[in-house]
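A.B. asks: Below is work.cif; it holds mmCIF, C-alpha atoms.
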data_run
#
loop_
_atom_site.label_atom_id
_atom_site.label_comp_id
_atom_site.auth_asym_id
_atom_site.auth_seq_id
_atom_site.Cartn_x
_atom_site.Cartn_y
_atom_site.Cartn_z
CA MET A 1 -6.20 -21.04 -25.70
CA ALA A 2 -2.54 -21.86 -26.27
CA ARG A 3 -1.69 -18.47 -27.81
CA LYS A 4 -0.11 -16.08 -25.29
CA SER A 5 -2.43 -13.18 -24.49
CA ALA A 6 -0.90 -9.71 -24.66
CA PRO A 7 -0.61 -7.83 -21.34
CA ASP A 8 -2.89 -5.10 -22.67
CA ASP A 9 -5.53 -7.51 -24.03
CA LEU A 10 -8.26 -6.85 -21.50
CA LEU A 11 -10.63 -9.10 -23.47
CA ALA A 12 -8.38 -12.18 -23.14
CA PRO A 13 -10.25 -15.44 -22.48
CA LEU A 14 -8.36 -15.87 -19.19
CA THR A 15 -6.84 -13.24 -16.92
CA LEU A 16 -4.83 -14.15 -13.83
CA VAL A 17 -4.88 -11.44 -11.17
CA VAL A 18 -2.17 -12.43 -8.73
CA GLY A 19 -1.26 -10.87 -5.38
CA GLN A 20 -2.62 -9.65 -2.06
CA GLU A 21 -3.02 -5.89 -2.47
CA GLU A 22 -6.80 -5.54 -2.35
CA LEU A 23 -7.06 -2.19 -4.12
CA LEU A 24 -4.88 -3.35 -7.01
CA LEU A 25 -6.77 -6.63 -7.26
CA ASP A 26 -10.10 -4.81 -7.44
CA ARG A 27 -8.75 -2.39 -10.05
CA ALA A 28 -7.47 -5.23 -12.23
CA VAL A 29 -10.88 -6.93 -12.13
CA ALA A 30 -12.69 -3.65 -12.76
CA ALA A 31 -10.52 -2.96 -15.83
CA VAL A 32 -11.55 -6.28 -17.41
CA VAL A 33 -15.24 -5.68 -16.65
CA ALA A 34 -15.06 -2.14 -18.06
CA ALA A 35 -13.41 -3.37 -21.27
CA ALA A 36 -16.02 -6.11 -21.68
CA ARG A 37 -18.89 -3.68 -21.19
CA ALA A 38 -17.30 -1.23 -23.62
CA ALA A 39 -17.31 -4.01 -26.22
CA ASP A 40 -20.80 -5.19 -25.24
CA PRO A 41 -22.96 -3.08 -22.90
CA ASP A 42 -25.08 -6.15 -22.13
CA THR A 43 -22.14 -8.13 -20.73
CA ASP A 44 -23.24 -10.47 -17.95
CA VAL A 45 -20.80 -10.22 -15.01
CA ARG A 46 -20.68 -12.93 -12.34
CA ASP A 47 -18.32 -11.88 -9.54
CA LEU A 48 -18.12 -14.94 -7.29
CA ALA A 49 -17.29 -14.50 -3.62
CA PRO A 50 -14.62 -16.79 -2.13
CA GLY A 51 -16.00 -20.31 -1.94
CA ALA A 52 -18.94 -19.59 -4.26
CA LEU A 53 -17.63 -21.72 -7.15
CA GLN A 54 -18.90 -25.16 -6.25
CA PRO A 55 -18.35 -28.42 -8.18
CA GLY A 56 -20.73 -28.57 -11.12
CA SER A 57 -21.53 -24.86 -11.21
CA LEU A 58 -18.90 -23.83 -13.78
CA ALA A 59 -20.71 -25.45 -16.72
CA GLU A 60 -23.86 -23.47 -15.95
CA LEU A 61 -21.95 -20.22 -15.52
CA THR A 62 -20.07 -20.52 -18.80
CA THR A 63 -22.92 -21.80 -20.97
CA PRO A 64 -23.65 -19.19 -23.67
CA SER A 65 -27.00 -17.48 -23.22
CA LEU A 66 -29.81 -17.41 -25.79
CA PHE A 67 -29.00 -13.77 -26.49
CA ALA A 68 -25.27 -14.47 -27.00
CA GLU A 69 -24.11 -11.61 -24.78
CA ARG A 70 -20.56 -11.56 -23.50
CA LYS A 71 -19.89 -13.05 -20.04
CA VAL A 72 -17.25 -12.26 -17.42
CA ILE A 73 -16.76 -14.86 -14.68
CA VAL A 74 -14.67 -13.59 -11.75
CA VAL A 75 -13.45 -16.29 -9.37
CA ARG A 76 -12.20 -14.81 -6.08
CA ALA A 77 -9.66 -16.57 -3.82
CA ALA A 78 -8.89 -19.10 -6.54
CA GLN A 79 -6.10 -20.53 -4.40
CA ASP A 80 -8.74 -21.93 -2.04
CA LEU A 81 -10.76 -23.85 -4.64
CA GLY A 82 -11.39 -27.52 -3.90
CA ALA A 83 -9.84 -30.26 -5.99
CA ASP A 84 -13.07 -30.97 -7.93
CA SER A 85 -13.58 -27.31 -8.82
CA VAL A 86 -9.95 -27.00 -9.93
CA LYS A 87 -10.32 -30.07 -12.14
CA GLU A 88 -13.46 -28.66 -13.79
CA LEU A 89 -11.85 -25.26 -14.25
CA ARG A 90 -8.73 -26.69 -15.86
CA ALA A 91 -10.85 -28.82 -18.20
CA TYR A 92 -12.87 -25.75 -19.18
CA LEU A 93 -9.77 -23.65 -19.83
CA ASP A 94 -8.48 -26.24 -22.30
CA ALA A 95 -11.52 -25.43 -24.49
CA PRO A 96 -13.05 -22.13 -23.36
CA ALA A 97 -16.36 -20.90 -24.71
CA GLU A 98 -16.40 -17.95 -27.07
CA GLU A 99 -17.41 -14.58 -25.63
CA VAL A 100 -16.75 -15.86 -22.08
CA MET A 101 -13.91 -14.27 -20.11
CA VAL A 102 -12.66 -15.84 -16.90
CA VAL A 103 -10.77 -13.82 -14.29
CA LEU A 104 -9.01 -15.83 -11.59
CA VAL A 105 -8.06 -13.78 -8.51
CA HIS A 106 -5.25 -15.67 -6.79
CA ALA A 107 -3.18 -14.71 -3.73
CA GLY A 108 0.00 -16.18 -5.20
CA GLY A 109 2.32 -18.37 -3.18
CA ALA A 110 2.43 -22.14 -3.00
CA LYS A 111 -1.23 -22.79 -2.23
CA GLY A 112 -3.16 -23.55 -5.41
CA LYS A 113 -0.06 -22.91 -7.53
CA GLY A 114 -1.00 -25.72 -9.91
CA LEU A 115 -3.95 -23.71 -11.17
CA LEU A 116 -1.76 -20.68 -11.78
CA ASP A 117 0.82 -22.75 -13.63
CA ALA A 118 -1.90 -24.28 -15.80
CA GLY A 119 -3.26 -20.85 -16.69
CA ARG A 120 0.19 -19.59 -17.58
CA LYS A 121 0.86 -22.56 -19.84
CA LEU A 122 -2.40 -21.83 -21.63
CA GLY A 123 -1.21 -18.30 -22.41
CA ALA A 124 -3.27 -16.37 -19.88
CA ARG A 125 -2.90 -12.64 -19.47
CA GLU A 126 -1.43 -11.97 -16.00
CA VAL A 127 -1.64 -8.91 -13.76
CA ALA A 128 0.67 -8.76 -10.72
CA CYS A 129 -0.76 -7.07 -7.62
CA PRO A 130 1.92 -7.60 -4.94
CA LYS A 131 1.34 -6.37 -1.41
CA LEU A 132 2.95 -2.96 -0.90
CA THR A 133 4.61 -3.17 2.50
CA LYS A 134 7.46 -0.66 2.38
CA ALA A 135 7.00 3.06 2.85
CA GLY A 136 8.94 3.69 -0.36
CA GLU A 137 6.57 1.48 -2.35
CA LYS A 138 3.53 3.32 -1.03
CA LEU A 139 5.13 6.67 -1.71
CA ALA A 140 5.79 5.50 -5.28
CA PHE A 141 2.12 4.50 -5.46
CA VAL A 142 1.08 8.07 -4.55
CA LYS A 143 3.36 9.51 -7.23
CA GLY A 144 1.99 7.02 -9.76
CA GLU A 145 -1.59 7.96 -8.90
CA PHE A 146 -0.94 11.60 -9.74
CA ARG A 147 0.79 10.63 -13.00
CA THR A 148 -2.14 8.40 -13.95
CA LEU A 149 -4.52 11.26 -13.23
CA GLY A 150 -2.45 13.49 -15.49
CA ARG A 151 -1.42 15.92 -12.78
CA SER A 152 1.81 17.27 -11.38
CA ALA A 153 2.57 16.84 -7.66
CA THR A 154 5.87 17.76 -6.05
CA PRO A 155 7.87 15.07 -4.19
CA GLU A 156 7.29 17.05 -0.98
CA ALA A 157 3.52 16.99 -1.58
CA CYS A 158 3.54 13.22 -2.12
CA GLN A 159 5.54 12.70 1.07
CA ALA A 160 3.27 15.03 3.04
CA LEU A 161 0.18 13.19 1.80
CA PHE A 162 1.66 9.84 2.81
CA ASP A 163 2.69 11.23 6.22
CA ALA A 164 -0.80 12.64 6.75
CA LEU A 165 -2.90 9.66 5.72
CA GLY A 166 -0.71 6.68 6.51
CA SER A 167 -0.47 3.50 4.49
CA ASP A 168 -4.03 2.63 3.40
CA LEU A 169 -3.93 2.60 -0.41
CA ARG A 170 -7.64 3.24 -0.83
CA GLU A 171 -7.45 6.35 1.32
CA LEU A 172 -4.32 7.56 -0.48
CA ALA A 173 -5.94 6.98 -3.88
CA ALA A 174 -9.10 8.83 -2.80
CA ALA A 175 -7.00 11.76 -1.60
CA CYS A 176 -5.12 11.94 -4.92
CA ASN A 177 -8.46 12.01 -6.74
CA GLN A 178 -9.81 14.73 -4.47
CA LEU A 179 -6.76 16.96 -4.88
CA THR A 180 -6.76 16.43 -8.63
CA ALA A 181 -10.43 17.38 -8.86
CA ASP A 182 -10.26 20.37 -6.53
CA VAL A 183 -6.88 21.98 -7.20
CA GLU A 184 -5.81 23.80 -10.35
CA GLY A 185 -2.13 23.86 -11.21
CA ALA A 186 0.69 22.04 -9.46
CA ILE A 187 -0.07 20.25 -6.22
CA ASP A 188 2.53 21.14 -3.58
CA GLU A 189 3.08 20.65 0.13
CA THR A 190 1.07 23.77 0.98
CA VAL A 191 -1.98 22.39 -0.80
CA VAL A 192 -1.69 19.06 1.01
CA ALA A 193 -1.35 20.84 4.36
CA ARG A 194 -4.49 22.86 3.64
CA TYR A 195 -6.54 19.76 2.90
CA TYR A 196 -5.03 17.22 5.26
CA GLY A 197 -2.98 19.16 7.80
CA GLY A 198 -5.40 18.35 10.60
CA ARG A 199 -5.11 14.66 9.77
CA ALA A 200 -1.33 14.88 9.76
CA GLU A 201 -1.32 16.30 13.26
CA ALA A 202 -3.21 13.24 14.47
CA THR A 203 -0.79 10.65 13.06
CA GLY A 204 2.19 8.93 14.57
CA PHE A 205 4.60 10.96 12.45
CA GLU A 206 4.16 14.13 14.48
CA VAL A 207 4.47 12.06 17.64
CA ALA A 208 7.74 10.68 16.26
CA ASP A 209 9.07 14.11 15.23
CA LEU A 210 8.48 15.41 18.74
CA ALA A 211 9.90 12.33 20.46
CA VAL A 212 13.14 12.16 18.46
CA THR A 213 13.84 15.80 19.34
CA GLY A 214 13.38 15.14 23.05
CA ARG A 215 10.09 17.02 23.56
CA THR A 216 8.58 14.43 25.85
CA ALA A 217 5.53 16.31 27.14
CA GLU A 218 4.48 17.49 23.67
CA ALA A 219 5.01 14.03 22.21
CA LEU A 220 2.84 12.44 24.89
CA GLU A 221 0.12 15.02 24.31
CA ARG A 222 0.09 14.34 20.56
CA LEU A 223 0.17 10.58 21.22
CA ARG A 224 -2.99 10.79 23.34
CA TRP A 225 -4.68 12.88 20.67
CA ALA A 226 -3.66 10.46 17.89
CA LEU A 227 -5.11 7.54 19.85
CA ALA A 228 -8.27 9.52 20.64
CA VAL A 229 -8.99 10.15 16.96
CA GLY A 230 -8.49 6.50 16.06
CA GLN A 231 -4.92 6.19 14.81
CA PRO A 232 -3.87 2.50 15.00
CA PRO A 233 -1.21 1.84 17.66
CA ALA A 234 0.86 -0.25 15.23
CA GLY A 235 1.03 2.74 12.90
CA ILE A 236 2.45 4.86 15.69
CA THR A 237 5.20 2.35 16.50
CA PHE A 238 5.99 2.25 12.76
CA ALA A 239 6.35 6.05 12.72
CA LEU A 240 8.59 6.02 15.79
CA ALA A 241 10.80 3.30 14.31
CA SER A 242 10.95 5.12 10.97
CA GLY A 243 12.04 8.34 12.66
CA VAL A 244 14.79 6.70 14.70
CA ARG A 245 16.04 4.57 11.79
CA SER A 246 16.27 7.67 9.58
CA ILE A 247 18.57 9.24 12.15
CA GLY A 248 20.73 6.11 12.28
CA ARG A 249 20.90 5.85 8.48
CA LEU A 250 21.86 9.49 8.03
CA ALA A 251 24.49 9.23 10.77
CA SER A 252 26.12 6.24 9.09
CA ALA A 253 26.14 7.82 5.61
CA GLY A 254 29.25 9.46 4.18
CA ARG A 255 29.78 12.84 5.77
CA ASN A 256 31.42 14.32 2.66
CA MET A 257 28.60 13.41 0.26
CA ARG A 258 26.84 16.18 -1.60
CA PRO A 259 23.23 16.79 -0.47
CA GLY A 260 21.73 15.48 -3.72
CA ASP A 261 23.88 12.32 -3.66
CA LEU A 262 23.05 11.81 0.00
CA ALA A 263 19.31 12.07 -0.68
CA ARG A 264 19.55 9.50 -3.47
CA GLU A 265 21.69 7.15 -1.37
CA LEU A 266 19.18 7.20 1.51
CA GLY A 267 16.05 7.22 -0.64
CA MET A 268 14.82 10.42 1.01
CA PRO A 269 13.78 13.72 -0.57
CA PRO A 270 16.30 16.53 0.17
CA TRP A 271 13.90 18.32 2.50
CA LYS A 272 13.64 15.20 4.67
CA VAL A 273 17.43 14.84 4.80
CA ASP A 274 17.61 18.42 6.11
CA ARG A 275 14.92 17.71 8.71
CA VAL A 276 16.57 14.50 9.93
CA ARG A 277 19.93 16.27 10.14
CA GLN A 278 18.37 18.80 12.52
CA GLN A 279 16.80 15.97 14.56
CA MET A 280 20.15 14.19 14.96
CA ARG A 281 21.46 16.66 17.54
CA GLY A 282 21.96 14.89 20.85
CA TRP A 283 21.69 11.36 19.43
CA THR A 284 24.39 8.71 19.81
CA GLY A 285 24.78 5.23 18.40
CA ASP A 286 23.88 3.78 21.80
CA GLY A 287 20.81 6.04 21.92
CA VAL A 288 19.56 4.76 18.55
CA ALA A 289 20.01 1.15 19.69
CA ALA A 290 18.20 1.80 22.99
CA ALA A 291 15.33 3.59 21.26
CA LEU A 292 14.82 0.84 18.68
CA THR A 293 14.81 -1.78 21.43
CA ALA A 294 12.10 0.15 23.30
CA ILE A 295 10.05 0.58 20.13
CA ALA A 296 10.31 -3.14 19.30
CA ARG A 297 9.03 -3.96 22.78
CA ALA A 298 6.12 -1.54 22.35
CA ASP A 299 5.32 -2.96 18.91
CA ALA A 300 5.06 -6.46 20.37
CA ASP A 301 2.87 -5.13 23.18
CA VAL A 302 0.40 -3.32 20.93
CA LYS A 303 0.11 -6.38 18.68
CA GLY A 304 -1.18 -8.56 21.46
CA GLY A 305 1.49 -8.81 24.10
CA SER A 306 -0.08 -6.26 26.43
CA GLY A 307 -3.54 -5.40 27.66
CA ASP A 308 -2.77 -1.66 27.61
CA PRO A 309 -1.41 -0.52 24.21
CA ALA A 310 -1.64 3.16 25.23
CA TYR A 311 0.68 2.62 28.18
CA ALA A 312 3.10 0.64 26.01
CA LEU A 313 3.23 3.51 23.52
CA GLU A 314 3.70 6.13 26.23
CA ARG A 315 6.61 4.14 27.62
CA ALA A 316 8.17 3.95 24.15
CA VAL A 317 7.77 7.68 23.54
CA VAL A 318 9.47 8.46 26.84
CA ALA A 319 12.31 6.06 25.99
CA VAL A 320 12.83 7.63 22.55
CA ALA A 321 12.83 11.15 23.96
CA LYS A 322 15.34 10.12 26.63
CA ALA A 323 17.55 8.40 24.05
CA SER A 324 17.64 11.60 21.99
CA ARG A 325 19.52 13.21 24.87
CA ALA A 326 21.88 10.27 25.47
CA GLY A 327 24.71 12.74 25.19
CA ALA A 328 28.39 12.02 25.44
CA ARG A 329 29.21 11.00 21.84
CA PRO A 330 26.72 12.87 19.65
CA TYR A 331 26.49 12.12 15.94
#
Render the structure in this file as structure tokens.

C.D. replies:
Amino acid sequence: MARKSAPDDLLAPLTLVVGQEELLLDRAVAAVVAAARAADPDTDVRDLAPGALQPGSLAELTTPSLFAERKVIVVRAAQDLGADSVKELRAYLDAPAEEVMVVLVHAGGAKGKGLLDAGRKLGAREVACPKLTKAGEKLAFVKGEFRTLGRSATPEACQALFDALGSDLRELAAACNQLTADVEGAIDETVVARYYGGRAEATGFEVADLAVTGRTAEALERLRWALAVGQPPAGITFALASGVRSIGRLASAGRNMRPGDLARELGMPPWKVDRVRQQMRGWTGDGVAAALTAIARADADVKGGSGDPAYALERAVVAVAKASRAGARPY
């Protein structure tokens, strides 16, 4: 198997699926299985749970059947395989059986890297599935979902969907599918509000919008509602931090920049730049620093440093609202 497999060769003898983004990992595996079953509807798929590949079992799994149907062997958490299993797997890959496709799902990183390197040297097809951690990456994911589905969605609609549903890729993907199936024509912010407006009101982003404009009582009310409907506390601290950082970033940007250039420089859609500019009134540099310090303390508390995450969040909301009226040297 020395010949390098093409990236689009879904029927390659060996596919390496590398990364930690669960949805993308599952999609990469599903694409191989679908291609195999398209070529042979009787394909035998063995999707092994982490730890299921034991020493001695690979030979049985890869032995051609009497009926010569295609096989797909999916090995999950390949980075955790024991030394004996790795040895057997590497020996097999040097002389793979015909009509047998092996998919190694590997987290990447240093652990078990020798197996990855061996697969790459043998010309394996590789699919990267890195963890999407930044808001911009997840927003790009939403836009890509609509493009893949062959539909048009405005930047404002994509942002509104992300704001409404948060960062879970499976939920975002499901929402894109639902909107594509239900809505004719372009998908805009109004459509997203009609479908998910109630969800948006229960997220940390509305809490943040109220807090950064100094509306303490309203922000606390929305915070209690968000917690009541199950919003994760860590997501609320993320929203608060995002709101305050946006104000700081816009304040430090060039004041003479054109709106379009400013939006590109900050990585924000123009409508968000306009909204943040309105929220900046009353903020100072010291206020931004004080608010971020309070949010960092709350974030540590909700992630295990406090027995009362709700109280920690309330304290942060009050601090942010107070910082928004810090006063003497407004931006």

A.B. asks: Could you tell me how far CA of Ala12 in chain A sits from CA of Arg37 in chain A, in Å to one decimal place?

C.D. replies: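 Taking CA of Arg37 in chain A and CA of Ala12 in chain A, their separation equals 13.7 Å.
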
A.B. asks: For this file, the PyMOL selection byres ((chain A and resi 113) around 12) selects which residues, as a PyMOL selection string?

C.D. replies: chain A and resi 16+18+78-81+86+106-112+114-120

A.B. asks: Kindly save the residues from that selection, with C-alpha atoms included, as a compact mmCIF listing (two decimals), in the frame of the given file.

C.D. replies:
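Writing the result to selection-v9.txt gives the following:
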# COMPACT_ATOMS: atom_id res chain seq x y z
CA LEU A 16 -4.83 -14.15 -13.83
CA VAL A 18 -2.17 -12.43 -8.73
CA ALA A 78 -8.89 -19.10 -6.54
CA GLN A 79 -6.10 -20.53 -4.40
CA ASP A 80 -8.74 -21.93 -2.04
CA LEU A 81 -10.76 -23.85 -4.64
CA VAL A 86 -9.95 -27.00 -9.93
CA HIS A 106 -5.25 -15.67 -6.79
CA ALA A 107 -3.18 -14.71 -3.73
CA GLY A 108 0.00 -16.18 -5.20
CA GLY A 109 2.32 -18.37 -3.18
CA ALA A 110 2.43 -22.14 -3.00
CA LYS A 111 -1.23 -22.79 -2.23
CA GLY A 112 -3.16 -23.55 -5.41
CA GLY A 114 -1.00 -25.72 -9.91
CA LEU A 115 -3.95 -23.71 -11.17
CA LEU A 116 -1.76 -20.68 -11.78
CA ASP A 117 0.82 -22.75 -13.63
CA ALA A 118 -1.90 -24.28 -15.80
CA GLY A 119 -3.26 -20.85 -16.69
CA ARG A 120 0.19 -19.59 -17.58

A.B. asks: For the file shown, report as a PyMOL selection string the outcome of the PyMOL selection byres ((chain A and resi 141) around 10) at residue level.

C.D. replies: chain A and resi 132+135-140+142-147+158+162+169+172-173

A.B. asks: My list of candidates is A:Asp84, A:Asp9, A:Glu218, A:Glu265. Which is closest to Val318 in chain A when distances are computed with all atoms listed in the file?

C.D. replies: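 When distances to Val318 in chain A are compared using all atoms listed in the file, the smallest one comes from A:Glu218.
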
A.B. asks: Run the PyMOL selection byres ((chain A and resi 243) around 8) against the file shown and list the residues it catches, as a ChimeraX atom specification.

C.D. replies: /A:205,208-209,212,239-242,244-247

A.B. asks: Please dump the current selection as a CSV table (one decimal), keeping the file's coordinate frame; keep C-alpha atoms.

C.D. replies:
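Result file again.csv:
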chain,number,residue,atom,x,y,z
A,205,PHE,CA,4.6,11.0,12.4
A,208,ALA,CA,7.7,10.7,16.3
A,209,ASP,CA,9.1,14.1,15.2
A,212,VAL,CA,13.1,12.2,18.5
A,239,ALA,CA,6.4,6.0,12.7
A,240,LEU,CA,8.6,6.0,15.8
A,241,ALA,CA,10.8,3.3,14.3
A,242,SER,CA,11.0,5.1,11.0
A,244,VAL,CA,14.8,6.7,14.7
A,245,ARG,CA,16.0,4.6,11.8
A,246,SER,CA,16.3,7.7,9.6
A,247,ILE,CA,18.6,9.2,12.2

A.B. asks: What lies within 10 Å of range 270-280 of chain A using only C-alpha atoms, ignoring chain neighbours under 2 positions off, as a ChimeraX atom specification?

C.D. replies: /A:155-156,159,209-214,243-244,246-251,259-264,266-268,282-284,324-325,330-331

A.B. asks: Those residues with C-alpha atoms, as a compact mmCIF listing (two decimals), in the coordinates of the input please?

C.D. replies:
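result08.txt, freshly written:
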# COMPACT_ATOMS: atom_id res chain seq x y z
CA PRO A 155 7.87 15.07 -4.19
CA GLU A 156 7.29 17.05 -0.98
CA GLN A 159 5.54 12.70 1.07
CA ASP A 209 9.07 14.11 15.23
CA LEU A 210 8.48 15.41 18.74
CA ALA A 211 9.90 12.33 20.46
CA VAL A 212 13.14 12.16 18.46
CA THR A 213 13.84 15.80 19.34
CA GLY A 214 13.38 15.14 23.05
CA GLY A 243 12.04 8.34 12.66
CA VAL A 244 14.79 6.70 14.70
CA SER A 246 16.27 7.67 9.58
CA ILE A 247 18.57 9.24 12.15
CA GLY A 248 20.73 6.11 12.28
CA ARG A 249 20.90 5.85 8.48
CA LEU A 250 21.86 9.49 8.03
CA ALA A 251 24.49 9.23 10.77
CA PRO A 259 23.23 16.79 -0.47
CA GLY A 260 21.73 15.48 -3.72
CA ASP A 261 23.88 12.32 -3.66
CA LEU A 262 23.05 11.81 0.00
CA ALA A 263 19.31 12.07 -0.68
CA ARG A 264 19.55 9.50 -3.47
CA LEU A 266 19.18 7.20 1.51
CA GLY A 267 16.05 7.22 -0.64
CA MET A 268 14.82 10.42 1.01
CA GLY A 282 21.96 14.89 20.85
CA TRP A 283 21.69 11.36 19.43
CA THR A 284 24.39 8.71 19.81
CA SER A 324 17.64 11.60 21.99
CA ARG A 325 19.52 13.21 24.87
CA PRO A 330 26.72 12.87 19.65
CA TYR A 331 26.49 12.12 15.94

A.B. asks: Go through A:Phe238, A:Gly204, A:Leu179, A:Leu292 and flag the residue nearest Thr133 in chain A, using all atoms listed in the file for the distances.

C.D. replies: A:Phe238

A.B. asks: If I take CA of Tyr311 in chain A and CA of Asp168 in chain A, how far is one from the other in Å, to one decimal?

C.D. replies: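 Computed distance, CA of Tyr311 in chain A to CA of Asp168 in chain A, equals 25.2 Å.
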
A.B. asks: Got a sec: who's within 12 Å of Val17 in chain A, counting all atoms listed in the file, leaving out chain neighbours fewer than 4 positions off, as JSON, numbers by chain?

C.D. replies: {"A": [7, 10, 21, 22, 23, 24, 25, 26, 27, 28, 29, 30, 31, 32, 74, 75, 76, 77, 78, 79, 102, 103, 104, 105, 106, 107, 108, 116, 119, 120, 124, 125, 126, 127, 128, 129, 130]}

A.B. asks: For Lys121 in chain A, which residue out of A:Leu93, A:Val33, A:Val320, A:Leu313 is the nearest one, using only C-alpha atoms?

C.D. replies: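 Closest to Lys121 in chain A of all the choices is A:Leu93.
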
A.B. asks: For a cutoff of 12 Å around the file-coordinate point (-10.8, -26.8, -17.1), which residues qualify once you count all atoms listed in the file? I'd like the result as a PyMOL selection string.

C.D. replies: chain A and resi 1+14+55-56+58-59+62+83-97+102+115+118-119+122

A.B. asks: For CA of Glu99 in chain A and CA of Arg70 in chain A, quote the distance in Å rounded to one decimal.

C.D. replies: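 Value for the CA of Glu99 in chain A-CA of Arg70 in chain A distance: 4.9 Å.
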
A.B. asks: Measuring atom to atom with only C-alpha atoms, identify which of A:Thr216, A:Gly82, A:Val100, A:Asp286 is nearest to Gln54 in chain A.

C.D. replies: A:Gly82

A.B. asks: Which residues, written as a CSV table (one decimal) with C-alpha atoms, in the frame of the given file, have at least one atom at most 9 Å from range 229-236 of chain A, with all atoms listed in the file counted and residues fewer than 4 positions away on the same chain left out?

C.D. replies:
chain,number,residue,atom,x,y,z
A,166,GLY,CA,-0.7,6.7,6.5
A,167,SER,CA,-0.5,3.5,4.5
A,202,ALA,CA,-3.2,13.2,14.5
A,203,THR,CA,-0.8,10.6,13.1
A,204,GLY,CA,2.2,8.9,14.6
A,205,PHE,CA,4.6,11.0,12.4
A,207,VAL,CA,4.5,12.1,17.6
A,208,ALA,CA,7.7,10.7,16.3
A,223,LEU,CA,0.2,10.6,21.2
A,224,ARG,CA,-3.0,10.8,23.3
A,225,TRP,CA,-4.7,12.9,20.7
A,240,LEU,CA,8.6,6.0,15.8
A,241,ALA,CA,10.8,3.3,14.3
A,298,ALA,CA,6.1,-1.5,22.4
A,299,ASP,CA,5.3,-3.0,18.9
A,302,VAL,CA,0.4,-3.3,20.9
A,303,LYS,CA,0.1,-6.4,18.7
A,309,PRO,CA,-1.4,-0.5,24.2
A,310,ALA,CA,-1.6,3.2,25.2
A,313,LEU,CA,3.2,3.5,23.5

A.B. asks: With distances taken over only C-alpha atoms, which residue among A:Ala326, A:Leu149, A:Val288, A:Ala321 lies nearest Ser252 in chain A?

C.D. replies: A:Val288

A.B. asks: Using all atoms listed in the file for the distances, tell me which of A:Leu11, A:Arg170, A:Ile73, A:Ala164 is nearest to Ser57 in chain A.

C.D. replies: A:Ile73
